file protein13.csv (CSV, C-alpha atoms)
chain,number,residue,atom,x,y,z
R,23,MET,CA,-2.0,-9.7,42.6
R,24,THR,CA,-0.8,-7.9,39.5
R,25,SER,CA,-2.4,-9.2,36.3
R,26,PRO,CA,-0.2,-10.3,33.3
R,27,PHE,CA,-1.5,-7.2,31.5
R,28,GLU,CA,-0.3,-4.8,34.1
R,29,SER,CA,2.9,-6.7,34.6
R,30,ARG,CA,3.7,-6.3,30.9
R,31,LEU,CA,3.0,-2.5,31.1
R,32,GLN,CA,5.1,-2.1,34.2
R,33,SER,CA,8.0,-4.0,32.7
R,34,GLU,CA,8.0,-1.6,29.7
R,35,LEU,CA,7.9,1.4,32.1
R,36,ASN,CA,10.7,0.0,34.1
R,37,ARG,CA,12.8,-0.4,31.0
R,38,ARG,CA,12.3,3.3,30.1
R,39,GLN,CA,13.1,4.4,33.6
R,40,LYS,CA,16.4,2.5,33.6
R,41,THR,CA,17.5,4.3,30.4
R,42,GLY,CA,16.5,7.7,31.7
R,43,LEU,CA,13.6,8.0,29.2
R,44,LEU,CA,10.6,7.7,31.5
R,45,ARG,CA,8.0,10.5,31.0
R,46,THR,CA,5.7,12.0,33.5
R,47,LEU,CA,3.1,14.8,33.6
R,48,GLU,CA,4.3,17.8,35.5
R,49,VAL,CA,2.8,21.2,36.3
R,50,LEU,CA,5.6,23.6,35.4
R,51,ASP,CA,4.0,27.0,35.6
R,52,ALA,CA,6.2,28.6,38.3
R,53,CYS,CA,8.8,30.1,36.1
R,54,SER,CA,10.0,33.6,35.2
R,55,ILE,CA,10.4,32.8,31.5
R,56,ASN,CA,8.8,30.0,29.6
R,57,MET,CA,10.9,28.8,26.6
R,58,ILE,CA,9.0,25.5,26.1
R,59,SER,CA,5.8,27.2,24.8
R,60,ASN,CA,5.2,27.6,21.1
R,61,ASP,CA,3.3,30.8,21.7
R,62,TYR,CA,5.8,32.8,19.6
R,63,PHE,CA,4.1,36.1,19.8
R,64,GLN,CA,2.8,35.8,23.4
R,65,LEU,CA,-0.8,36.1,22.2
R,66,ARG,CA,-2.6,33.7,24.4
R,67,SER,CA,-3.0,36.5,27.0
R,68,HIS,CA,-3.4,39.3,24.5
R,69,PRO,CA,-6.5,41.4,25.2
R,70,GLU,CA,-7.7,41.2,21.6
R,71,VAL,CA,-7.3,37.4,21.5
R,72,ILE,CA,-9.1,37.0,24.8
R,73,GLU,CA,-11.8,39.3,23.4
R,74,GLY,CA,-12.1,37.2,20.3
R,75,ALA,CA,-12.6,34.1,22.4
R,76,ARG,CA,-15.1,35.9,24.6
R,77,GLU,CA,-17.2,37.1,21.8
R,78,ALA,CA,-17.4,33.6,20.2
R,79,LEU,CA,-18.1,32.1,23.7
R,80,GLU,CA,-21.0,34.5,24.3
R,81,ARG,CA,-22.5,34.1,20.9
R,82,TYR,CA,-22.1,30.4,20.3
R,83,GLY,CA,-21.4,28.9,23.7
R,84,ALA,CA,-18.5,27.0,25.2
R,85,SER,CA,-18.8,24.0,22.9
R,86,SER,CA,-19.9,23.3,19.3
R,87,SER,CA,-21.8,20.3,20.9
R,88,ALA,CA,-21.9,18.3,17.7
R,89,SER,CA,-19.7,16.9,14.9
R,90,PRO,CA,-19.3,19.3,11.9
R,91,LEU,CA,-21.6,17.3,9.6
R,92,LEU,CA,-24.5,17.6,12.1
R,93,SER,CA,-24.8,21.0,13.7
R,94,GLY,CA,-21.2,21.6,15.0
R,95,TYR,CA,-20.0,23.7,12.0
R,96,LEU,CA,-20.8,27.2,13.1
R,97,PRO,CA,-20.4,30.7,11.5
R,98,CYS,CA,-17.2,31.2,13.6
R,99,HIS,CA,-15.7,28.2,12.0
R,100,GLN,CA,-16.6,29.3,8.5
R,101,GLN,CA,-15.3,32.8,9.2
R,102,LEU,CA,-12.0,31.4,10.5
R,103,ILE,CA,-11.4,29.0,7.6
R,104,GLN,CA,-12.1,31.9,5.1
R,105,GLN,CA,-9.6,34.1,6.9
R,106,LEU,CA,-7.0,31.3,6.7
R,107,MET,CA,-7.7,30.6,3.0
R,108,ASN,CA,-7.3,34.3,2.2
R,109,TRP,CA,-4.1,34.5,4.2
R,110,LYS,CA,-2.4,31.5,2.7
R,111,GLN,CA,-3.9,32.0,-0.8
R,112,LYS,CA,-5.6,28.7,-1.1
R,113,PRO,CA,-9.1,28.2,-2.5
R,114,ALA,CA,-10.2,25.3,-0.2
R,115,GLY,CA,-9.8,24.4,3.4
R,116,LEU,CA,-11.0,22.6,6.5
R,117,LEU,CA,-10.6,22.9,10.2
R,118,PHE,CA,-9.6,20.0,12.4
R,119,ASN,CA,-9.6,19.6,16.2
R,120,THR,CA,-5.8,19.0,16.4
R,121,GLY,CA,-2.8,19.1,14.1
R,122,PHE,CA,-2.3,15.4,14.9
R,123,MET,CA,-5.7,14.6,13.6
R,124,ALA,CA,-5.2,16.7,10.5
R,125,ASN,CA,-2.0,14.9,9.5
R,126,GLN,CA,-3.5,11.5,10.3
R,127,ALA,CA,-6.5,12.3,8.1
R,128,LEU,CA,-4.4,13.3,5.2
R,129,LEU,CA,-2.1,10.4,5.2
R,130,THR,CA,-4.8,7.8,6.1
R,131,HIS,CA,-7.4,8.7,3.5
R,132,LEU,CA,-5.8,10.4,0.5
R,133,PRO,CA,-3.1,7.9,-0.6
R,134,SER,CA,-4.1,4.6,-2.1
R,135,PRO,CA,-2.4,1.2,-2.2
R,136,LYS,CA,-1.3,2.1,-5.8
R,137,ASP,CA,0.6,5.2,-4.5
R,138,LEU,CA,3.9,5.9,-2.9
R,139,ILE,CA,4.7,8.3,0.0
R,140,LEU,CA,8.1,9.9,0.3
R,141,ALA,CA,8.6,11.5,3.7
R,142,ASP,CA,11.5,13.3,5.5
R,143,ARG,CA,13.2,10.9,7.9
R,144,LEU,CA,12.4,13.2,10.9
R,145,ILE,CA,8.8,14.0,10.0
R,146,HIS,CA,6.4,14.6,12.9
R,147,HIS,CA,5.1,11.6,14.8
R,148,SER,CA,1.5,12.3,13.7
R,149,ILE,CA,2.7,11.4,10.2
R,150,ALA,CA,5.2,8.7,11.0
R,151,GLN,CA,2.7,6.8,13.0
R,152,THR,CA,0.2,6.8,10.2
R,153,LEU,CA,2.8,5.6,7.6
R,154,GLY,CA,3.5,2.6,9.7
R,155,LYS,CA,-0.2,1.6,9.7
R,156,SER,CA,-1.0,2.5,6.1
R,157,ASP,CA,-1.6,0.2,3.1
R,158,THR,CA,0.3,2.7,1.0
R,159,ARG,CA,4.0,2.0,0.5
R,160,PHE,CA,6.4,4.6,1.9
R,161,LYS,CA,10.0,5.5,1.9
R,162,ARG,CA,11.9,8.0,4.1
R,163,TYR,CA,14.5,10.2,2.6
R,164,HIS,CA,17.5,11.4,4.7
R,165,HIS,CA,16.6,14.4,6.8
R,166,LEU,CA,16.7,17.6,4.5
R,167,ASP,CA,18.6,15.6,1.9
R,168,LEU,CA,17.0,16.6,-1.3
R,169,ASP,CA,19.6,14.7,-3.4
R,170,HIS,CA,18.3,11.6,-1.8
R,171,LEU,CA,14.7,12.7,-2.4
R,172,GLU,CA,15.5,13.3,-6.1
R,173,GLU,CA,17.1,9.9,-6.3
R,174,LEU,CA,14.0,8.2,-4.8
R,175,LEU,CA,11.7,10.2,-7.2
R,176,HIS,CA,13.8,9.2,-10.2
R,177,ARG,CA,13.8,5.5,-9.2
R,178,ASN,CA,10.1,5.3,-8.2
R,179,PHE,CA,8.1,7.9,-10.0
R,180,ASN,CA,6.8,5.8,-12.9
R,181,LYS,CA,6.0,2.8,-10.8
R,182,TYR,CA,3.1,4.3,-8.9
R,183,GLU,CA,-0.2,6.0,-9.8
R,184,THR,CA,0.5,9.0,-7.5
R,185,VAL,CA,3.6,10.0,-5.5
R,186,PHE,CA,3.2,12.1,-2.3
R,187,VAL,CA,6.1,14.1,-0.9
R,188,VAL,CA,5.7,15.1,2.8
R,189,THR,CA,7.8,17.4,4.9
R,190,GLU,CA,7.6,20.0,7.6
R,191,SER,CA,8.7,23.5,6.8
R,192,VAL,CA,10.4,24.3,10.1
R,193,PHE,CA,11.1,21.1,12.0
R,194,SER,CA,9.9,21.2,15.6
R,195,MET,CA,12.9,19.6,17.4
R,196,ASP,CA,15.8,21.3,15.5
R,197,GLY,CA,14.4,24.5,14.0
R,198,ASP,CA,15.9,23.5,10.7
R,199,TYR,CA,14.1,23.5,7.3
R,200,PRO,CA,14.4,22.3,3.7
R,201,ASP,CA,15.1,24.2,0.6
R,202,LEU,CA,11.5,24.7,-0.5
R,203,PRO,CA,12.3,26.2,-3.9
R,204,ARG,CA,14.3,23.1,-4.8
R,205,ILE,CA,11.4,20.9,-3.8
R,206,ALA,CA,9.2,23.0,-6.0
R,207,GLY,CA,11.7,22.5,-8.8
R,208,LEU,CA,11.6,18.7,-8.3
R,209,LYS,CA,7.8,18.9,-8.4
R,210,GLN,CA,8.0,20.4,-11.9
R,211,LYS,CA,10.2,17.5,-13.0
R,212,TYR,CA,8.2,14.8,-11.1
R,213,PRO,CA,4.6,16.1,-10.6
R,214,PHE,CA,4.0,14.7,-7.1
R,215,VAL,CA,1.4,15.8,-4.6
R,216,TRP,CA,3.2,18.1,-2.1
R,217,ILE,CA,2.1,18.1,1.5
R,218,LEU,CA,3.8,20.7,3.7
R,219,ASP,CA,3.3,21.0,7.4
R,220,GLU,CA,3.7,24.7,8.4
R,221,ALA,CA,3.0,24.3,12.1
R,222,HIS,CA,6.2,26.1,13.2
R,223,GLY,CA,6.7,28.2,10.1
R,224,THR,CA,3.3,30.1,10.4
R,225,GLY,CA,3.6,33.5,11.9
R,226,VAL,CA,7.4,33.6,12.2
R,227,PHE,CA,8.2,33.4,8.5
R,228,GLY,CA,6.9,35.3,5.4
R,229,PRO,CA,6.0,39.0,4.7
R,230,THR,CA,2.5,38.5,6.2
R,231,GLY,CA,3.5,35.6,8.6
R,232,GLY,CA,2.1,33.1,6.1
R,233,GLY,CA,5.0,30.7,6.7
R,234,LEU,CA,8.2,29.5,5.1
R,235,ALA,CA,6.5,28.7,1.8
R,236,GLU,CA,5.4,32.3,1.7
R,237,GLU,CA,8.8,33.6,2.5
R,238,GLN,CA,10.5,31.4,-0.1
R,239,GLU,CA,7.8,32.2,-2.6
R,240,VAL,CA,6.6,28.7,-3.4
R,241,LEU,CA,3.1,28.9,-1.7
R,242,ASP,CA,1.3,28.4,-5.0
R,243,THR,CA,3.1,25.1,-5.7
R,244,VAL,CA,2.2,23.4,-2.4
R,245,ASP,CA,-0.8,21.2,-3.0
R,246,ILE,CA,-1.8,20.7,0.6
R,247,LEU,CA,-0.8,23.0,3.5
R,248,VAL,CA,-1.2,22.0,7.1
R,249,GLY,CA,-0.9,24.2,10.1
R,250,THR,CA,-2.0,24.5,13.7
R,251,LEU,CA,-4.0,27.1,15.6
R,252,GLY,CA,-2.2,26.2,18.9
R,253,LYS,CA,1.2,27.7,18.3
R,254,ALA,CA,1.6,31.2,16.8
R,255,LEU,CA,-2.2,31.6,16.6
R,256,ALA,CA,-2.4,31.0,20.4
R,257,SER,CA,-5.5,28.8,20.4
R,258,MET,CA,-6.2,25.1,19.7
R,259,GLY,CA,-7.0,23.1,16.5
R,260,ALA,CA,-5.6,22.9,13.0
R,261,TYR,CA,-6.3,23.6,9.4
R,262,VAL,CA,-5.8,21.9,6.0
R,263,LEU,CA,-5.7,24.3,3.0
R,264,THR,CA,-5.5,23.0,-0.6
R,265,ASN,CA,-5.6,24.0,-4.2
R,266,SER,CA,-8.5,21.7,-4.8
R,267,ASN,CA,-12.1,21.5,-3.6
R,268,VAL,CA,-12.1,17.8,-4.5
R,269,ILE,CA,-9.6,17.1,-1.7
R,270,THR,CA,-11.6,18.9,1.0
R,271,ASP,CA,-14.8,17.3,-0.3
R,272,TYR,CA,-13.2,13.9,-0.2
R,273,LEU,CA,-12.0,14.5,3.4
R,274,THR,CA,-15.4,15.7,4.4
R,275,ASN,CA,-16.9,12.4,3.2
R,276,TYR,CA,-14.2,9.9,4.2
R,277,SER,CA,-12.2,11.3,7.1
R,278,GLY,CA,-13.4,9.9,10.4
R,279,GLU,CA,-11.1,12.3,12.2
R,280,LEU,CA,-13.3,15.1,10.9
R,281,ILE,CA,-16.7,13.3,10.8
R,282,TYR,CA,-16.9,11.6,14.1
R,283,SER,CA,-15.7,14.2,16.6
R,284,THR,CA,-17.4,17.0,18.4
R,285,TYR,CA,-16.1,20.0,16.5
R,286,LEU,CA,-13.6,22.7,17.6
R,287,GLY,CA,-15.0,24.9,20.4
R,288,PRO,CA,-16.2,28.4,19.3
R,289,PRO,CA,-13.8,30.2,21.8
R,290,GLN,CA,-10.9,28.5,20.1
R,291,ALA,CA,-12.1,29.6,16.7
R,292,GLY,CA,-12.7,33.2,17.9
R,293,ALA,CA,-9.2,33.4,19.6
R,294,ALA,CA,-7.4,32.1,16.5
R,295,GLY,CA,-9.2,34.6,14.2
R,296,ALA,CA,-8.2,37.5,16.5
R,297,ALA,CA,-4.6,36.2,16.7
R,298,LEU,CA,-4.4,35.9,12.9
R,299,LYS,CA,-5.3,39.6,12.5
R,300,ILE,CA,-2.4,40.6,14.8
R,301,ILE,CA,0.1,38.3,13.3
R,302,ARG,CA,-0.4,39.6,9.8
R,303,LYS,CA,0.9,42.9,11.0
R,304,SER,CA,3.7,41.6,13.3
R,305,GLN,CA,6.6,40.8,11.0
R,306,ALA,CA,8.9,43.3,12.7
R,307,THR,CA,8.3,41.2,15.9
R,308,ALA,CA,8.9,38.0,14.0
R,309,ARG,CA,12.2,39.3,12.7
R,310,SER,CA,13.2,40.3,16.2
R,311,ILE,CA,12.4,36.8,17.5
R,312,ARG,CA,14.5,35.2,14.9
R,313,ASP,CA,17.4,37.7,15.4
R,314,THR,CA,17.4,36.9,19.1
R,315,ALA,CA,17.6,33.2,18.4
R,316,ILE,CA,20.5,33.8,16.0
R,317,ARG,CA,22.4,35.6,18.7
R,318,PHE,CA,21.8,32.8,21.1
R,319,ARG,CA,23.1,30.3,18.5
R,320,GLU,CA,26.3,32.4,18.2
R,321,LYS,CA,26.7,32.5,22.0
R,322,LEU,CA,26.3,28.7,22.1
R,323,ARG,CA,28.9,28.0,19.5
R,324,SER,CA,31.3,30.4,21.2
R,325,GLY,CA,30.8,28.4,24.4
R,326,GLY,CA,31.5,25.1,22.7
R,327,TRP,CA,27.9,23.9,22.7
R,328,GLU,CA,26.4,21.8,19.9
R,329,THR,CA,23.6,23.4,18.0
R,330,ASN,CA,22.8,24.3,14.4
R,331,THR,CA,23.1,27.4,12.2
R,332,PHE,CA,19.5,27.8,10.9
R,333,ASP,CA,17.6,31.1,11.1
R,334,SER,CA,14.5,30.1,13.1
R,335,GLN,CA,13.0,30.6,16.5
R,336,ILE,CA,13.7,27.0,17.6
R,337,VAL,CA,17.2,26.4,19.0
R,338,PRO,CA,18.4,22.9,20.1
R,339,VAL,CA,21.3,22.3,22.4
R,340,ILE,CA,22.4,18.8,21.7
R,341,LEU,CA,23.7,17.0,24.8
R,342,GLY,CA,23.3,13.3,23.7
R,343,ASN,CA,22.9,11.8,27.2
R,344,PRO,CA,19.3,11.9,28.5
R,345,ASP,CA,20.3,12.1,32.2
R,346,ASP,CA,22.5,15.2,31.4
R,347,THR,CA,19.6,16.7,29.6
R,348,LEU,CA,17.2,16.3,32.5
R,349,GLU,CA,19.9,17.5,35.0
R,350,LEU,CA,20.6,20.7,33.0
R,351,ARG,CA,16.9,21.3,32.4
R,352,ASN,CA,16.3,21.1,36.2
R,353,LYS,CA,19.3,23.5,36.8
R,354,LEU,CA,17.7,26.1,34.5
R,355,LEU,CA,14.4,25.6,36.2
R,356,GLU,CA,16.0,26.4,39.6
R,357,HIS,CA,16.6,29.8,38.1
R,358,GLY,CA,13.0,30.1,36.8
R,359,ILE,CA,13.9,29.3,33.2
R,360,LEU,CA,11.6,26.6,31.7
R,361,VAL,CA,13.0,24.8,28.7
R,362,GLY,CA,12.2,21.5,27.0
R,363,ALA,CA,14.2,18.3,27.8
R,364,VAL,CA,13.6,16.2,24.7
R,365,ARG,CA,14.8,12.6,24.7
R,366,PRO,CA,14.3,9.5,22.5
R,367,PRO,CA,12.0,8.3,21.0
R,368,THR,CA,10.9,11.9,20.2
R,369,VAL,CA,14.4,12.5,18.8
R,370,PRO,CA,16.9,9.9,17.5
R,371,GLN,CA,19.1,7.9,19.8
R,372,ASN,CA,22.1,9.8,21.3
R,373,SER,CA,20.6,13.2,20.4
R,374,SER,CA,18.8,14.2,23.6
R,375,ARG,CA,18.7,17.9,23.8
R,376,LEU,CA,17.4,21.1,25.4
R,377,ARG,CA,14.9,22.7,23.1
R,378,PHE,CA,14.7,26.5,23.4
R,379,SER,CA,11.6,28.0,21.8
R,380,PHE,CA,12.1,31.7,21.3
R,381,HIS,CA,9.3,34.2,21.6
R,382,SER,CA,8.7,38.0,21.7
R,383,GLY,CA,9.3,38.1,25.4
R,384,VAL,CA,12.9,36.9,25.3
R,385,GLY,CA,15.6,39.6,25.5
R,386,GLU,CA,19.4,40.0,25.7
R,387,THR,CA,19.4,39.8,29.5
R,388,HIS,CA,17.7,36.4,29.3
R,389,LEU,CA,20.4,35.2,26.8
R,390,ASP,CA,23.2,36.2,29.2
R,391,GLU,CA,21.5,34.6,32.2
R,392,ILE,CA,20.9,31.3,30.3
R,393,MET,CA,24.5,31.2,29.0
R,394,SER,CA,25.8,31.8,32.5
R,395,ILE,CA,23.9,28.8,33.8
R,396,LEU,CA,24.9,26.6,30.9
R,397,ASN,CA,28.6,27.5,31.1
R,398,SER,CA,28.6,27.1,34.9
R,399,TRP,CA,27.0,23.6,34.5
R,400,GLN,CA,29.5,22.7,31.7
R,401,ARG,CA,32.5,23.6,34.0
R,402,ARG,CA,31.1,21.6,37.0
call {"tool": "encode", "arguments": {"input": "protein13.csv", "output": "structure tokens"}}
result
Amino acid sequence: MTSPFESRLQSELNRRQKTGLLRTLEVLDACSINMISNDYFQLRSHPEVIEGAREALERYGASSSASPLLSGYLPCHQQLIQQLMNWKQKPAGLLFNTGFMANQALLTHLPSPKDLILADRLIHHSIAQTLGKSDTRFKRYHHLDLDHLEELLHRNFNKYETVFVVTESVFSMDGDYPDLPRIAGLKQKYPFVWILDEAHGTGVFGPTGGGLAEEQEVLDTVDILVGTLGKALASMGAYVLTNSNVITDYLTNYSGELIYSTYLGPPQAGAAGAALKIIRKSQATARSIRDTAIRFREKLRSGGWETNTFDSQIVPVILGNPDDTLELRNKLLEHGILVGAVRPPTVPQNSSRLRFSFHSGVGETHLDEIMSILNSWQRR
């Protein structure tokens, strides 16, 4: 007999299935080209990255085996955070086990009930979830709408002890991004604390791959920079870099996300450190990745597909209907092309899309093949 608890869960699952939004875990490794992965420079199999992981593995073992405040903080972690601080030109930093944990730590522990958080409407779920549970008041400004952000700042700035502004640089589902110099200008007028998530900007943007803030020359004005090790850096984990040691000291003392978890494994730290060295010298590759994505956007628009015009490695193809999205994803997979089928609640209602994540292994022949499949499906 099914318990009331399981009946409730099954009812919710049935509701998702009826709307085409049920999610399942699938092993999807049998493909000729993977355009779901965020491994933008194809470094997870690079010999130097594997060697970096191997050296850390042999020296420190497969696990840190303790939380960082006990014995889990190892020389490989210290070396990596120092590399990241030097790269991103920030004097203080911490490593976290995941980007999700890093964002939750920041938004859970730094703002107080006397503060206000202003966040982009489409901010990552790791932040959105935290806002909903926080004692700190928050408002969301329209996606990329800095006029709306300025309006909210003007109306609310003097009502709170501290105002936080939170945005991603390159947004993960659309590959679009805000005008960071304008945000920096607003910061001069309304001295807020600026938290910028560079998860998808790191590596692909900037003269040393330091991210969109580096490319748009506002890195020094960002108070708190967040990024992951699991995308361009081909490893696992995350970092928080700041202009203030007080912030990292506070998180070290109050962030349960840092304090109470066995720390990042040494092989992950070693791999990320090796990948970082490669990326700092790979901006010709980064430009090529973005140029390929630009050409794909042009082909999509010529074929009547809905996308956007931003210059980034993430290209959405908006279909709207979740069933169509899954059908077209599966049609591409039949040809060995693996793309993301992204549906609500990950994206807003009626905006289900294919998400193409461009990397250094994608060439012109791939674009032609993909467009042939898309256009054939469109004419069906």
call {"tool": "residues_around", "arguments": {"input": "protein13.csv", "residues": "Pro367 of chain R", "least_positions_apart": "5", "cutoff": "10 Å", "atoms": "only C-alpha atoms", "output": "list in words"}}
result
Leu43, His147, Ser373 and Ser374 of chain R
call {"tool": "atom_distance", "arguments": {"input": "protein13.csv", "atom1": "atom CA of Gly121 of chain R", "atom2": "atom CA of Tyr276 of chain R"}}
result
17.7 Å
call {"tool": "atom_distance", "arguments": {"input": "protein13.csv", "atom1": "atom CA of Gln210 of chain R", "atom2": "atom CA of Ala260 of chain R"}}
result
28.5 Å
call {"tool": "closest_residue", "arguments": {"input": "protein13.csv", "among": "R:Leu354, R:Val369, R:Val262, R:Val337", "to": "Gly197 of chain R", "atoms": "only C-alpha atoms"}}
result
R:Val337
call {"tool": "atom_distance", "arguments": {"input": "protein13.csv", "atom1": "atom CA of Gly228 of chain R", "atom2": "atom CA of Gly207 of chain R"}}
result
19.7 Å
call {"tool": "residues_around", "arguments": {"input": "protein13.csv", "residues": "Leu273 of chain R", "least_positions_apart": "2", "cutoff": "9 Å", "atoms": "only C-alpha atoms", "output": "CSV table (one decimal) with C-alpha atoms, keeping the file's coordinate frame"}}
result
chain,number,residue,atom,x,y,z
R,116,LEU,CA,-11.0,22.6,6.5
R,127,ALA,CA,-6.5,12.3,8.1
R,128,LEU,CA,-4.4,13.3,5.2
R,131,HIS,CA,-7.4,8.7,3.5
R,132,LEU,CA,-5.8,10.4,0.5
R,268,VAL,CA,-12.1,17.8,-4.5
R,269,ILE,CA,-9.6,17.1,-1.7
R,270,THR,CA,-11.6,18.9,1.0
R,271,ASP,CA,-14.8,17.3,-0.3
R,275,ASN,CA,-16.9,12.4,3.2
R,276,TYR,CA,-14.2,9.9,4.2
R,277,SER,CA,-12.2,11.3,7.1
R,278,GLY,CA,-13.4,9.9,10.4
R,280,LEU,CA,-13.3,15.1,10.9
R,281,ILE,CA,-16.7,13.3,10.8
call {"tool": "closest_residue", "arguments": {"input": "protein13.csv", "among": "R:Met195, R:Leu91, R:Val187, R:Met57", "to": "Leu144 of chain R", "atoms": "all atoms listed in the file"}}
result
R:Met195
call {"tool": "residues_around", "arguments": {"input": "protein13.csv", "residues": "segment 65-79 of chain R", "least_positions_apart": "3", "cutoff": "9 Å", "atoms": "all atoms listed in the file", "output": "list in words"}}
result
Asp61, Tyr62, Tyr82, Gly83, Ala84, Ser85, Cys98, Ala254, Leu255, Ala256, Ser257, Gly287, Pro288, Pro289, Gln290, Ala291, Gly292, Ala293, Ala294, Gly295, Ala296, Ala297 and Ile300 of chain R
call {"tool": "residues_around", "arguments": {"input": "protein13.csv", "residues": "segment 46-53 of chain R", "least_positions_apart": "5", "cutoff": "7 Å", "atoms": "only C-alpha atoms", "output": "ChimeraX atom specification"}}
result
/R:358-360
call {"tool": "residues_around", "arguments": {"input": "protein13.csv", "residues": "Ile103 of chain R", "least_positions_apart": "2", "cutoff": "7 Å", "atoms": "only C-alpha atoms", "output": "PyMOL selection string"}}
result
chain R and resi 99-101+105-107+115-117
call {"tool": "closest_residue", "arguments": {"input": "protein13.csv", "among": "R:Asn352, R:Asn125, R:Thr130, R:Thr314", "to": "Glu190 of chain R", "atoms": "all atoms listed in the file"}}
result
R:Asn125
call {"tool": "closest_residue", "arguments": {"input": "protein13.csv", "among": "R:Val226, R:Val244, R:Leu171, R:Ala221", "to": "His146 of chain R", "atoms": "only C-alpha atoms"}}
result
R:Ala221
call {"tool": "closest_residue", "arguments": {"input": "protein13.csv", "among": "R:Val192, R:Ile139, R:Ile149, R:Phe179", "to": "Trp216 of chain R", "atoms": "all atoms listed in the file"}}
result
R:Ile139
call {"tool": "closest_residue", "arguments": {"input": "protein13.csv", "among": "R:Gly342, R:Tyr199, R:Lys353, R:Thr158", "to": "Pro366 of chain R", "atoms": "only C-alpha atoms"}}
result
R:Gly342
call {"tool": "decode", "arguments": {"input": "protein13.csv", "residues": "segment 348-360 of chain R", "atoms": "N, CA and C atoms", "output": "PDB file, in the first residue's frame"}}
result
ATOM      1  N   LEU R 348      12.241  18.396 -26.685  1.00  0.00           N
ATOM      2  CA  LEU R 348      12.753  17.033 -26.486  1.00  0.00           C
ATOM      3  C   LEU R 348      12.825  16.275 -27.810  1.00  0.00           C
ATOM      4  N   GLU R 349      11.831  16.464 -28.660  1.00  0.00           N
ATOM      5  CA  GLU R 349      11.815  15.762 -29.945  1.00  0.00           C
ATOM      6  C   GLU R 349      13.018  16.163 -30.802  1.00  0.00           C
ATOM      7  N   LEU R 350      13.300  17.448 -30.853  1.00  0.00           N
ATOM      8  CA  LEU R 350      14.417  17.912 -31.668  1.00  0.00           C
ATOM      9  C   LEU R 350      15.755  17.529 -31.037  1.00  0.00           C
ATOM     10  N   ARG R 351      15.832  17.558 -29.709  1.00  0.00           N
ATOM     11  CA  ARG R 351      17.039  17.084 -29.033  1.00  0.00           C
ATOM     12  C   ARG R 351      17.321  15.639 -29.424  1.00  0.00           C
ATOM     13  N   ASN R 352      16.273  14.810 -29.402  1.00  0.00           N
ATOM     14  CA  ASN R 352      16.442  13.394 -29.730  1.00  0.00           C
ATOM     15  C   ASN R 352      16.796  13.188 -31.209  1.00  0.00           C
ATOM     16  N   LYS R 353      16.259  14.027 -32.083  1.00  0.00           N
ATOM     17  CA  LYS R 353      16.601  13.941 -33.506  1.00  0.00           C
ATOM     18  C   LYS R 353      18.091  14.230 -33.723  1.00  0.00           C
ATOM     19  N   LEU R 354      18.621  15.223 -33.035  1.00  0.00           N
ATOM     20  CA  LEU R 354      20.054  15.526 -33.116  1.00  0.00           C
ATOM     21  C   LEU R 354      20.881  14.378 -32.539  1.00  0.00           C
ATOM     22  N   LEU R 355      20.388  13.801 -31.448  1.00  0.00           N
ATOM     23  CA  LEU R 355      21.124  12.709 -30.814  1.00  0.00           C
ATOM     24  C   LEU R 355      21.202  11.487 -31.732  1.00  0.00           C
ATOM     25  N   GLU R 356      20.165  11.269 -32.545  1.00  0.00           N
ATOM     26  CA  GLU R 356      20.211  10.175 -33.525  1.00  0.00           C
ATOM     27  C   GLU R 356      21.387  10.326 -34.486  1.00  0.00           C
ATOM     28  N   HIS R 357      21.831  11.555 -34.676  1.00  0.00           N
ATOM     29  CA  HIS R 357      22.971  11.840 -35.550  1.00  0.00           C
ATOM     30  C   HIS R 357      24.265  12.023 -34.753  1.00  0.00           C
ATOM     31  N   GLY R 358      24.231  11.653 -33.478  1.00  0.00           N
ATOM     32  CA  GLY R 358      25.432  11.717 -32.657  1.00  0.00           C
ATOM     33  C   GLY R 358      25.752  13.094 -32.118  1.00  0.00           C
ATOM     34  N   ILE R 359      24.789  14.017 -32.150  1.00  0.00           N
ATOM     35  CA  ILE R 359      25.017  15.382 -31.680  1.00  0.00           C
ATOM     36  C   ILE R 359      24.239  15.584 -30.385  1.00  0.00           C
ATOM     37  N   LEU R 360      24.962  15.808 -29.310  1.00  0.00           N
ATOM     38  CA  LEU R 360      24.360  15.907 -27.987  1.00  0.00           C
ATOM     39  C   LEU R 360      24.212  17.378 -27.604  1.00  0.00           C
TER      40      LEU R 360
END
